[in-house]
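Raw start-v9.cif, mmCIF, C-alpha atoms and all ligand atoms:
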data_final
#
loop_
_atom_site.label_atom_id
_atom_site.label_comp_id
_atom_site.auth_asym_id
_atom_site.auth_seq_id
_atom_site.Cartn_x
_atom_site.Cartn_y
_atom_site.Cartn_z
CA MET A 1 -69.43 57.39 -43.31
CA LYS A 2 -66.69 56.36 -40.89
CA ILE A 3 -67.51 53.21 -38.99
CA ILE A 4 -65.70 51.12 -36.40
CA MET A 5 -66.67 47.48 -35.84
CA LEU A 6 -66.42 46.44 -32.19
CA GLY A 7 -66.96 42.99 -30.77
CA ALA A 8 -65.25 39.90 -29.45
CA PRO A 9 -63.11 37.67 -31.68
CA GLY A 10 -65.55 35.71 -33.84
CA ALA A 11 -68.49 38.04 -33.19
CA GLY A 12 -68.84 38.58 -36.94
CA LYS A 13 -67.04 41.91 -37.37
CA GLY A 14 -65.32 40.86 -40.58
CA THR A 15 -68.44 39.25 -42.03
CA GLN A 16 -70.55 42.35 -41.44
CA ALA A 17 -67.77 44.79 -42.39
CA LYS A 18 -67.45 43.21 -45.84
CA MET A 19 -71.22 43.41 -46.41
CA LEU A 20 -71.34 47.02 -45.21
CA ALA A 21 -68.38 47.94 -47.44
CA ASP A 22 -70.33 46.63 -50.45
CA GLN A 23 -73.51 48.37 -49.34
CA TYR A 24 -71.94 51.80 -48.88
CA GLY A 25 -69.13 51.56 -51.47
CA ILE A 26 -66.39 52.32 -48.95
CA PRO A 27 -63.26 50.28 -48.10
CA HIS A 28 -63.13 47.57 -45.43
CA ILE A 29 -59.91 47.92 -43.46
CA SER A 30 -59.08 44.95 -41.24
CA THR A 31 -55.85 45.12 -39.26
CA GLY A 32 -55.98 41.34 -38.81
CA ASP A 33 -56.14 40.91 -42.61
CA ILE A 34 -53.27 43.39 -43.07
CA PHE A 35 -51.12 41.40 -40.62
CA ARG A 36 -52.05 38.06 -42.23
CA ALA A 37 -51.14 39.45 -45.68
CA ASN A 38 -47.79 40.58 -44.26
CA ILE A 39 -47.18 37.17 -42.70
CA LYS A 40 -47.92 35.52 -46.03
CA ALA A 41 -45.59 37.92 -47.86
CA GLY A 42 -42.84 37.31 -45.25
CA THR A 43 -42.38 41.02 -44.39
CA GLU A 44 -40.66 42.24 -41.22
CA LEU A 45 -44.02 43.52 -39.91
CA GLY A 46 -45.55 40.10 -40.55
CA THR A 47 -42.76 38.29 -38.72
CA LYS A 48 -43.13 40.58 -35.70
CA ALA A 49 -46.95 40.39 -35.66
CA LYS A 50 -47.06 36.61 -35.98
CA THR A 51 -45.32 36.00 -32.65
CA TYR A 52 -48.14 37.83 -30.85
CA MET A 53 -51.03 36.62 -32.99
CA ASP A 54 -50.16 32.94 -32.62
CA GLN A 55 -50.34 33.34 -28.84
CA GLY A 56 -53.69 35.12 -28.97
CA LEU A 57 -52.08 38.35 -27.77
CA LEU A 58 -52.45 41.84 -29.22
CA VAL A 59 -49.72 43.19 -31.45
CA PRO A 60 -48.09 46.22 -29.70
CA ASP A 61 -49.88 49.55 -30.32
CA GLU A 62 -46.83 51.09 -32.00
CA LEU A 63 -46.94 48.49 -34.78
CA VAL A 64 -50.61 49.22 -35.50
CA CYS A 65 -51.42 52.92 -35.03
CA ASP A 66 -49.27 54.55 -37.75
CA LEU A 67 -50.31 51.88 -40.21
CA VAL A 68 -54.02 52.64 -39.76
CA VAL A 69 -53.58 56.41 -39.56
CA ASP A 70 -51.73 56.29 -42.92
CA ARG A 71 -54.31 53.96 -44.44
CA VAL A 72 -57.36 56.12 -43.63
CA GLN A 73 -55.73 59.08 -45.37
CA GLN A 74 -55.49 57.30 -48.71
CA GLU A 75 -57.67 58.48 -51.56
CA ASP A 76 -60.16 55.59 -51.49
CA CYS A 77 -61.09 56.58 -47.91
CA ALA A 78 -62.31 60.05 -48.89
CA LYS A 79 -66.00 59.00 -48.63
CA GLY A 80 -65.45 56.95 -45.48
CA TYR A 81 -64.32 53.50 -44.39
CA ILE A 82 -65.04 50.60 -42.09
CA LEU A 83 -62.39 49.77 -39.52
CA ASP A 84 -62.49 46.13 -38.40
CA GLY A 85 -60.23 45.09 -35.53
CA PHE A 86 -58.96 48.60 -34.86
CA PRO A 87 -58.95 50.28 -32.40
CA ARG A 88 -58.50 47.47 -29.91
CA THR A 89 -57.10 49.36 -26.95
CA ILE A 90 -57.79 52.78 -25.40
CA PRO A 91 -54.38 54.13 -26.57
CA GLN A 92 -55.24 53.03 -30.15
CA ALA A 93 -58.61 54.81 -29.95
CA GLU A 94 -56.93 57.95 -28.65
CA ALA A 95 -54.29 57.84 -31.40
CA LEU A 96 -57.04 57.51 -34.01
CA ASP A 97 -59.10 60.36 -32.54
CA GLN A 98 -56.06 62.62 -32.42
CA ALA A 99 -55.20 61.91 -36.05
CA LEU A 100 -58.80 62.42 -37.19
CA GLU A 101 -59.14 65.63 -35.21
CA ALA A 102 -56.10 67.04 -37.00
CA LEU A 103 -57.89 66.28 -40.28
CA GLY A 104 -61.18 67.81 -39.06
CA GLN A 105 -62.87 64.38 -39.06
CA LYS A 106 -64.50 62.04 -36.57
CA ILE A 107 -65.88 58.51 -36.26
CA ASP A 108 -69.64 58.47 -36.99
CA TYR A 109 -70.53 55.05 -35.56
CA ALA A 110 -68.91 52.37 -33.44
CA VAL A 111 -71.01 49.26 -34.09
CA ASN A 112 -70.79 46.74 -31.25
CA VAL A 113 -71.68 43.24 -32.45
CA GLU A 114 -72.70 41.45 -29.26
CA VAL A 115 -72.18 37.68 -28.96
CA PRO A 116 -71.70 35.75 -25.68
CA ASP A 117 -68.40 33.88 -25.26
CA ALA A 118 -70.09 30.45 -25.33
CA ASN A 119 -71.43 31.00 -28.89
CA ILE A 120 -68.04 32.20 -30.04
CA VAL A 121 -66.04 29.12 -29.15
CA LYS A 122 -68.58 27.09 -31.14
CA ARG A 123 -68.28 29.34 -34.21
CA MET A 124 -64.52 29.48 -34.51
CA GLY A 125 -63.78 25.85 -35.30
CA GLY A 126 -66.02 26.06 -38.38
CA ARG A 127 -64.54 29.27 -39.73
CA ARG A 128 -62.59 29.22 -42.99
CA ALA A 129 -60.65 32.27 -44.17
CA CYS A 130 -59.36 33.16 -47.64
CA VAL A 131 -55.57 33.54 -47.70
CA ASN A 132 -55.91 35.91 -50.63
CA CYS A 133 -58.71 38.45 -49.91
CA GLY A 134 -59.47 37.79 -46.23
CA GLY A 135 -63.03 36.63 -47.05
CA THR A 136 -64.56 34.70 -44.15
CA TYR A 137 -66.87 31.70 -44.36
CA HIS A 138 -68.26 29.03 -42.08
CA VAL A 139 -68.62 25.36 -42.93
CA GLU A 140 -72.15 25.35 -41.53
CA TYR A 141 -73.44 28.95 -41.35
CA LEU A 142 -71.85 30.39 -44.49
CA PRO A 143 -70.50 27.69 -46.79
CA THR A 144 -68.73 28.46 -50.09
CA LYS A 145 -70.13 27.24 -53.42
CA VAL A 146 -67.05 25.05 -53.95
CA GLU A 147 -65.49 23.53 -50.81
CA GLY A 148 -62.13 25.10 -49.92
CA ILE A 149 -62.35 27.88 -52.56
CA CYS A 150 -63.26 31.54 -51.93
CA ASP A 151 -66.49 32.63 -53.70
CA ARG A 152 -65.17 36.17 -54.17
CA CYS A 153 -61.69 35.67 -55.57
CA GLY A 154 -61.08 31.93 -56.05
CA GLY A 155 -58.36 31.93 -53.35
CA GLU A 156 -57.57 29.00 -51.09
CA LEU A 157 -59.45 28.74 -47.77
CA ILE A 158 -57.60 27.88 -44.57
CA LEU A 159 -58.29 27.34 -40.88
CA ARG A 160 -56.59 30.26 -39.14
CA ASP A 161 -53.63 29.40 -36.87
CA ASP A 162 -55.24 31.34 -34.01
CA ASP A 163 -58.59 29.48 -34.20
CA LYS A 164 -57.46 26.54 -32.03
CA PRO A 165 -59.83 26.31 -29.02
CA GLU A 166 -57.14 27.16 -26.42
CA THR A 167 -56.03 30.23 -28.40
CA VAL A 168 -59.65 31.35 -28.89
CA GLN A 169 -60.14 31.33 -25.11
CA LYS A 170 -56.98 33.41 -24.67
CA ARG A 171 -58.17 35.89 -27.31
CA LEU A 172 -61.49 36.20 -25.49
CA ASN A 173 -59.67 36.95 -22.23
CA VAL A 174 -57.54 39.58 -23.98
CA TYR A 175 -60.70 41.04 -25.53
CA HIS A 176 -62.43 41.44 -22.17
CA ALA A 177 -59.36 42.98 -20.54
CA GLN A 178 -58.14 45.30 -23.29
CA THR A 179 -60.83 45.90 -25.92
CA GLN A 180 -64.16 45.85 -24.07
CA PRO A 181 -63.38 49.20 -22.36
CA LEU A 182 -63.83 50.78 -25.81
CA ILE A 183 -67.58 50.27 -25.43
CA ASP A 184 -67.64 52.89 -22.67
CA TYR A 185 -65.21 55.05 -24.62
CA TYR A 186 -67.47 55.28 -27.68
CA THR A 187 -70.65 55.48 -25.57
CA ALA A 188 -69.20 58.60 -23.95
CA LYS A 189 -68.62 60.03 -27.43
CA GLY A 190 -72.22 59.30 -28.45
CA ALA A 191 -71.04 57.04 -31.29
CA LEU A 192 -71.92 53.58 -29.94
CA VAL A 193 -74.66 51.47 -31.52
CA GLU A 194 -75.39 47.88 -30.46
CA VAL A 195 -76.61 44.94 -32.46
CA ASP A 196 -77.48 41.37 -31.44
CA GLY A 197 -74.80 39.30 -33.20
CA THR A 198 -76.37 35.94 -32.30
CA GLN A 199 -79.00 36.33 -35.04
CA ASP A 200 -78.38 34.98 -38.52
CA ILE A 201 -75.91 36.88 -40.69
CA GLN A 202 -78.46 38.65 -42.90
CA LYS A 203 -80.59 39.76 -39.91
CA VAL A 204 -77.54 41.23 -38.16
CA PHE A 205 -76.73 43.11 -41.36
CA ASP A 206 -80.30 44.40 -41.80
CA ASP A 207 -80.33 45.62 -38.19
CA ILE A 208 -77.08 47.53 -38.66
CA VAL A 209 -78.22 49.16 -41.92
CA GLU A 210 -81.50 50.18 -40.26
CA ILE A 211 -79.69 51.80 -37.35
CA LEU A 212 -77.22 53.61 -39.62
CA SER A 213 -79.98 54.96 -41.85
CA LYS A 214 -81.80 56.70 -38.99
P1 LIG B 1 -58.52 39.77 -36.18
O1 LIG B 1 -58.26 39.18 -37.49
O2 LIG B 1 -59.13 41.12 -36.10
O3 LIG B 1 -59.32 38.73 -35.30
P2 LIG B 1 -60.43 38.91 -34.15
O4 LIG B 1 -60.78 40.23 -33.61
O5 LIG B 1 -60.03 37.93 -33.15
O6 LIG B 1 -61.72 38.65 -34.88
P3 LIG B 1 -61.99 37.54 -35.87
O7 LIG B 1 -61.52 37.93 -37.23
O8 LIG B 1 -61.51 36.25 -35.30
O9 LIG B 1 -63.58 37.51 -35.82
P4 LIG B 1 -64.66 38.41 -36.54
O10 LIG B 1 -65.39 39.21 -35.51
O11 LIG B 1 -64.11 39.15 -37.71
O12 LIG B 1 -65.65 37.28 -37.00
P5 LIG B 1 -65.95 36.66 -38.44
O13 LIG B 1 -66.74 37.66 -39.25
O14 LIG B 1 -64.72 36.10 -39.03
O15 LIG B 1 -57.14 39.82 -35.37
C1 LIG B 1 -56.31 38.69 -35.27
C2 LIG B 1 -55.10 39.02 -34.41
O16 LIG B 1 -54.36 40.09 -35.02
C3 LIG B 1 -55.41 39.52 -33.00
O17 LIG B 1 -55.59 38.47 -32.10
C4 LIG B 1 -54.14 40.35 -32.72
O18 LIG B 1 -53.07 39.51 -32.37
C5 LIG B 1 -53.83 40.97 -34.06
N1 LIG B 1 -54.44 42.30 -34.22
C6 LIG B 1 -55.35 42.65 -35.17
N2 LIG B 1 -55.69 43.94 -35.03
C7 LIG B 1 -54.97 44.41 -33.98
C8 LIG B 1 -54.92 45.68 -33.32
N3 LIG B 1 -55.66 46.73 -33.72
N4 LIG B 1 -54.09 45.80 -32.25
C9 LIG B 1 -53.34 44.77 -31.84
N5 LIG B 1 -53.36 43.54 -32.40
C10 LIG B 1 -54.18 43.36 -33.46
O19 LIG B 1 -66.95 35.49 -38.00
C11 LIG B 1 -66.47 34.38 -37.29
C12 LIG B 1 -67.10 33.08 -37.85
O20 LIG B 1 -68.49 33.05 -37.54
C13 LIG B 1 -67.02 32.97 -39.38
O21 LIG B 1 -66.82 31.64 -39.72
C14 LIG B 1 -68.39 33.49 -39.86
O22 LIG B 1 -68.76 32.91 -41.10
C15 LIG B 1 -69.29 33.04 -38.72
N6 LIG B 1 -70.38 34.00 -38.47
C16 LIG B 1 -70.32 35.36 -38.53
N7 LIG B 1 -71.50 35.91 -38.19
C17 LIG B 1 -72.33 34.86 -37.89
C18 LIG B 1 -73.67 34.76 -37.46
N8 LIG B 1 -74.44 35.87 -37.27
N9 LIG B 1 -74.19 33.53 -37.23
C19 LIG B 1 -73.44 32.39 -37.42
N10 LIG B 1 -72.14 32.43 -37.84
C20 LIG B 1 -71.60 33.64 -38.05
MG MG B 2 -62.19 39.26 -38.58
#
Could you write out this file's structure as structure tokens?
Amino acid sequence: MKIIMLGAPGAGKGTQAKMLADQYGIPHISTGDIFRANIKAGTELGTKAKTYMDQGLLVPDELVCDLVVDRVQQEDCAKGYILDGFPRTIPQAEALDQALEALGQKIDYAVNVEVPDANIVKRMGGRRACVNCGGTYHVEYLPTKVEGICDRCGGELILRDDDKPETVQKRLNVYHAQTQPLIDYYTAKGALVEVDGTQDIQKVFDDIVEILSK
């Protein structure tokens, strides 16, 4: 099963993608996590990406597309995968479709997790992210067993640099201008499914699984 997670920053794409990856036994591929791992490792890609990410802007398409197209051809993706945070622009979606077409494959579902902007700003300040595995928590809605430590891998939890309120607003603006058009794109392909992302985490997950099992 090949799934794309769509939705605004903070809509819960990463949270749901991780749960779906466990459910279906397929990898969760988050471009944001890949960039953050590169920033942490001090790679050239990380240095380039950081300048855009810290401003709430998208990293240029040419730094993202090849990376994802290579990743989805690795062996662990043979049964499918969940893309989280990619594609984020129409050119990225077209690059992905072209690459998949050449492999005789296609995206099965684009899951749009819908959350109004007002809820999002409230969520972001409470988010904590694992520097090691990318696991995402929330001080109120999804707390860890031990404060500051990832339940999955024991890594350190941080407040992301781009979760400051003014940067969140900028990311929302960028989302509406550059990423929201993908909803029409995947509707036209018959792949779009919608879920109410304002419900609690487990209910959102149950709704997605129900839709995908039809
Ligand atoms: P990325 O890491 O993808 O960030 P994003 O899209 O802004 O999304 P987030 O990770 O902030 O939110 P999410 O939807 O995953 O929500 P989460 O599950 O964490 O990208 C970061 C940056 O990298 C971009 O700005 C860009 O610069 C660059 N980039 C990445 N990919 C790119 C690409 N393809 N092209 C160009 N640039 C790219 O949930 C949020 C919080 O809410 C958590 O604390 C969670 O616990 C909580 N929560 C989740 N669900 C619920 C719920 N139902 N109820 C209550 N709380 C909830
Ligand atoms: Mg995320």
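Of the listed residues A:Gly148, A:Arg88, A:Ile201, A:Cys153, the one whose atoms come nearest to Val59 (chain A) is A:Arg88, with distances taken using only C-alpha atoms.
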Between CA of Lys18 (chain A) and atom N8 of ligand LIG 1 (chain B), distance in Å (one decimal): 13.3 Å
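Residues of protein, DNA or RNA lying at most 8 Å from ligand MG 2 (chain B), when all atoms listed in the file are considered, are Pro9, Gly10, Gly12, Lys13, Gly14, Thr15, Ser30, Gly32, Asp33, Asp84, Gly85 and Thr136 of chain A.
Between ligand LIG 1 (chain B) and the residues A:Ile208, A:Val146, A:Cys77, A:Ala17, the shortest atom-to-atom distance, using all atoms listed in the file, involves A:Ala17.
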Point (-75.3, 57.9, -44.0) neighbourhood (12 Å, all atoms listed in the file) written as number ranges by chain: A: 1-3, 20, 23-26, 79-81, 108-109, 208-214
d(CA of Tyr185 (chain A), CA of Pro165 (chain A)) in Å: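 Computing the Euclidean distance for CA of Tyr185 (chain A) and CA of Pro165 (chain A) yields 29.6 Å.
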Local residues around (-62.5, 28.9, -54.4), at most 12 Å away, using only C-alpha atoms, as an mmCIF file with C-alpha atoms, keeping the file's coordinate frame:
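Listing of selection30.cif after writing:
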data_model
loop_
_atom_site.group_PDB
_atom_site.id
_atom_site.type_symbol
_atom_site.label_atom_id
_atom_site.label_comp_id
_atom_site.auth_asym_id
_atom_site.auth_seq_id
_atom_site.Cartn_x
_atom_site.Cartn_y
_atom_site.Cartn_z
ATOM 1 C CA ARG A 128 -62.590 29.220 -42.990
ATOM 2 C CA ALA A 129 -60.650 32.270 -44.170
ATOM 3 C CA CYS A 130 -59.360 33.160 -47.640
ATOM 4 C CA VAL A 131 -55.570 33.540 -47.700
ATOM 5 C CA ASN A 132 -55.910 35.910 -50.630
ATOM 6 C CA CYS A 133 -58.710 38.450 -49.910
ATOM 7 C CA GLY A 135 -63.030 36.630 -47.050
ATOM 8 C CA THR A 136 -64.560 34.700 -44.150
ATOM 9 C CA TYR A 137 -66.870 31.700 -44.360
ATOM 10 C CA PRO A 143 -70.500 27.690 -46.790
ATOM 11 C CA THR A 144 -68.730 28.460 -50.090
ATOM 12 C CA LYS A 145 -70.130 27.240 -53.420
ATOM 13 C CA VAL A 146 -67.050 25.050 -53.950
ATOM 14 C CA GLU A 147 -65.490 23.530 -50.810
ATOM 15 C CA GLY A 148 -62.130 25.100 -49.920
ATOM 16 C CA ILE A 149 -62.350 27.880 -52.560
ATOM 17 C CA CYS A 150 -63.260 31.540 -51.930
ATOM 18 C CA ASP A 151 -66.490 32.630 -53.700
ATOM 19 C CA ARG A 152 -65.170 36.170 -54.170
ATOM 20 C CA CYS A 153 -61.690 35.670 -55.570
ATOM 21 C CA GLY A 154 -61.080 31.930 -56.050
ATOM 22 C CA GLY A 155 -58.360 31.930 -53.350
ATOM 23 C CA GLU A 156 -57.570 29.000 -51.090
ATOM 24 C CA LEU A 157 -59.450 28.740 -47.770
ATOM 25 C CA ILE A 158 -57.600 27.880 -44.570
#
Taking all atoms of ligand LIG 1 (chain B) that the file lists, what box with edges along x, y and z, padded by 5 Å per side, do you get, with centre and edge lengths in Å to one decimal, as JSON?
{"center_x": -63.8, "center_y": 39.2, "center_z": -36.5, "size_x": 31.4, "size_y": 25.1, "size_z": 19.3}
Contacts of region 203-207 of chain A at 8 Å (all atoms listed in the file; same-chain gap of 6+ positions) as JSON, numbers by chain: {"A": [16, 19, 20, 195, 196, 197]}
Interatomic distance (Å, one decimal) between CA of Gln74 (chain A) and CA of Gln180 (chain A):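 Separation between CA of Gln74 (chain A) and CA of Gln180 (chain A): 28.5 Å.
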Starting from the incomplete input, reconstruct all heavy atoms of region 19-30 of chain A and report them as an mmCIF file, keeping the file's coordinate frame.
data_model
loop_
_atom_site.group_PDB
_atom_site.id
_atom_site.type_symbol
_atom_site.label_atom_id
_atom_site.label_comp_id
_atom_site.auth_asym_id
_atom_site.auth_seq_id
_atom_site.Cartn_x
_atom_site.Cartn_y
_atom_site.Cartn_z
ATOM 1 N N MET A 19 -69.891 43.131 -45.853
ATOM 2 C CA MET A 19 -71.220 43.410 -46.410
ATOM 3 C C MET A 19 -71.509 44.913 -46.387
ATOM 4 O O MET A 19 -72.068 45.469 -47.341
ATOM 5 C CB MET A 19 -72.294 42.650 -45.602
ATOM 6 C CG MET A 19 -72.173 41.124 -45.732
ATOM 7 S SD MET A 19 -73.137 40.232 -44.474
ATOM 8 C CE MET A 19 -74.790 40.299 -45.151
ATOM 9 N N LEU A 20 -71.105 45.573 -45.321
ATOM 10 C CA LEU A 20 -71.340 47.020 -45.210
ATOM 11 C C LEU A 20 -70.490 47.785 -46.225
ATOM 12 O O LEU A 20 -70.936 48.779 -46.801
ATOM 13 C CB LEU A 20 -71.013 47.505 -43.784
ATOM 14 C CG LEU A 20 -71.976 47.019 -42.695
ATOM 15 C CD1 LEU A 20 -71.386 47.279 -41.305
ATOM 16 C CD2 LEU A 20 -73.335 47.716 -42.813
ATOM 17 N N ALA A 21 -69.270 47.295 -46.464
ATOM 18 C CA ALA A 21 -68.380 47.940 -47.440
ATOM 19 C C ALA A 21 -69.018 47.883 -48.823
ATOM 20 O O ALA A 21 -68.995 48.863 -49.572
ATOM 21 C CB ALA A 21 -67.017 47.274 -47.437
ATOM 22 N N ASP A 22 -69.628 46.744 -49.161
ATOM 23 C CA ASP A 22 -70.330 46.630 -50.450
ATOM 24 C C ASP A 22 -71.541 47.553 -50.494
ATOM 25 O O ASP A 22 -71.791 48.228 -51.475
ATOM 26 C CB ASP A 22 -70.810 45.174 -50.677
ATOM 27 C CG ASP A 22 -69.645 44.239 -50.966
ATOM 28 O OD1 ASP A 22 -68.542 44.735 -51.270
ATOM 29 O OD2 ASP A 22 -69.837 42.999 -50.871
ATOM 30 N N GLN A 23 -72.279 47.567 -49.411
ATOM 31 C CA GLN A 23 -73.510 48.370 -49.340
ATOM 32 C C GLN A 23 -73.228 49.859 -49.536
ATOM 33 O O GLN A 23 -73.925 50.547 -50.258
ATOM 34 C CB GLN A 23 -74.173 48.137 -47.973
ATOM 35 C CG GLN A 23 -75.351 49.040 -47.656
ATOM 36 C CD GLN A 23 -76.665 48.442 -48.131
ATOM 37 O OE1 GLN A 23 -76.707 47.324 -48.655
ATOM 38 N NE2 GLN A 23 -77.744 49.178 -47.978
ATOM 39 N N TYR A 24 -72.183 50.356 -48.857
ATOM 40 C CA TYR A 24 -71.940 51.800 -48.880
ATOM 41 C C TYR A 24 -70.832 52.212 -49.853
ATOM 42 O O TYR A 24 -70.551 53.411 -49.990
ATOM 43 C CB TYR A 24 -71.581 52.287 -47.463
ATOM 44 C CG TYR A 24 -72.733 52.112 -46.482
ATOM 45 C CD1 TYR A 24 -72.646 51.238 -45.408
ATOM 46 C CD2 TYR A 24 -73.917 52.828 -46.646
ATOM 47 C CE1 TYR A 24 -73.702 51.063 -44.522
ATOM 48 C CE2 TYR A 24 -74.977 52.670 -45.764
ATOM 49 C CZ TYR A 24 -74.861 51.790 -44.707
ATOM 50 O OH TYR A 24 -75.917 51.630 -43.838
ATOM 51 N N GLY A 25 -70.188 51.230 -50.504
ATOM 52 C CA GLY A 25 -69.130 51.560 -51.470
ATOM 53 C C GLY A 25 -67.926 52.224 -50.829
ATOM 54 O O GLY A 25 -67.341 53.162 -51.380
ATOM 55 N N ILE A 26 -67.572 51.776 -49.642
ATOM 56 C CA ILE A 26 -66.390 52.320 -48.950
ATOM 57 C C ILE A 26 -65.474 51.151 -48.559
ATOM 58 O O ILE A 26 -65.946 50.021 -48.439
ATOM 59 C CB ILE A 26 -66.781 53.169 -47.694
ATOM 60 C CG1 ILE A 26 -67.740 52.378 -46.768
ATOM 61 C CG2 ILE A 26 -67.406 54.487 -48.111
ATOM 62 C CD1 ILE A 26 -68.132 53.148 -45.508
ATOM 63 N N PRO A 27 -64.164 51.402 -48.367
ATOM 64 C CA PRO A 27 -63.260 50.280 -48.100
ATOM 65 C C PRO A 27 -63.426 49.640 -46.719
ATOM 66 O O PRO A 27 -63.787 50.321 -45.747
ATOM 67 C CB PRO A 27 -61.861 50.885 -48.247
ATOM 68 C CG PRO A 27 -62.016 52.339 -48.356
ATOM 69 C CD PRO A 27 -63.456 52.680 -48.555
ATOM 70 N N HIS A 28 -63.164 48.346 -46.679
ATOM 71 C CA HIS A 28 -63.130 47.570 -45.430
ATOM 72 C C HIS A 28 -61.668 47.429 -45.038
ATOM 73 O O HIS A 28 -60.886 46.834 -45.781
ATOM 74 C CB HIS A 28 -63.779 46.209 -45.694
ATOM 75 C CG HIS A 28 -63.493 45.173 -44.639
ATOM 76 N ND1 HIS A 28 -63.349 43.830 -44.930
ATOM 77 C CD2 HIS A 28 -63.328 45.273 -43.307
ATOM 78 C CE1 HIS A 28 -63.112 43.160 -43.810
ATOM 79 N NE2 HIS A 28 -63.092 44.008 -42.818
ATOM 80 N N ILE A 29 -61.309 47.960 -43.887
ATOM 81 C CA ILE A 29 -59.910 47.920 -43.460
ATOM 82 C C ILE A 29 -59.808 47.049 -42.209
ATOM 83 O O ILE A 29 -60.279 47.431 -41.140
ATOM 84 C CB ILE A 29 -59.391 49.342 -43.155
ATOM 85 C CG1 ILE A 29 -59.541 50.222 -44.411
ATOM 86 C CG2 ILE A 29 -57.942 49.300 -42.676
ATOM 87 C CD1 ILE A 29 -59.322 51.699 -44.161
ATOM 88 N N SER A 30 -59.231 45.869 -42.364
ATOM 89 C CA SER A 30 -59.080 44.950 -41.240
ATOM 90 C C SER A 30 -57.606 44.840 -40.884
ATOM 91 O O SER A 30 -56.797 44.415 -41.710
ATOM 92 C CB SER A 30 -59.634 43.569 -41.626
ATOM 93 O OG SER A 30 -59.031 42.550 -40.846
#
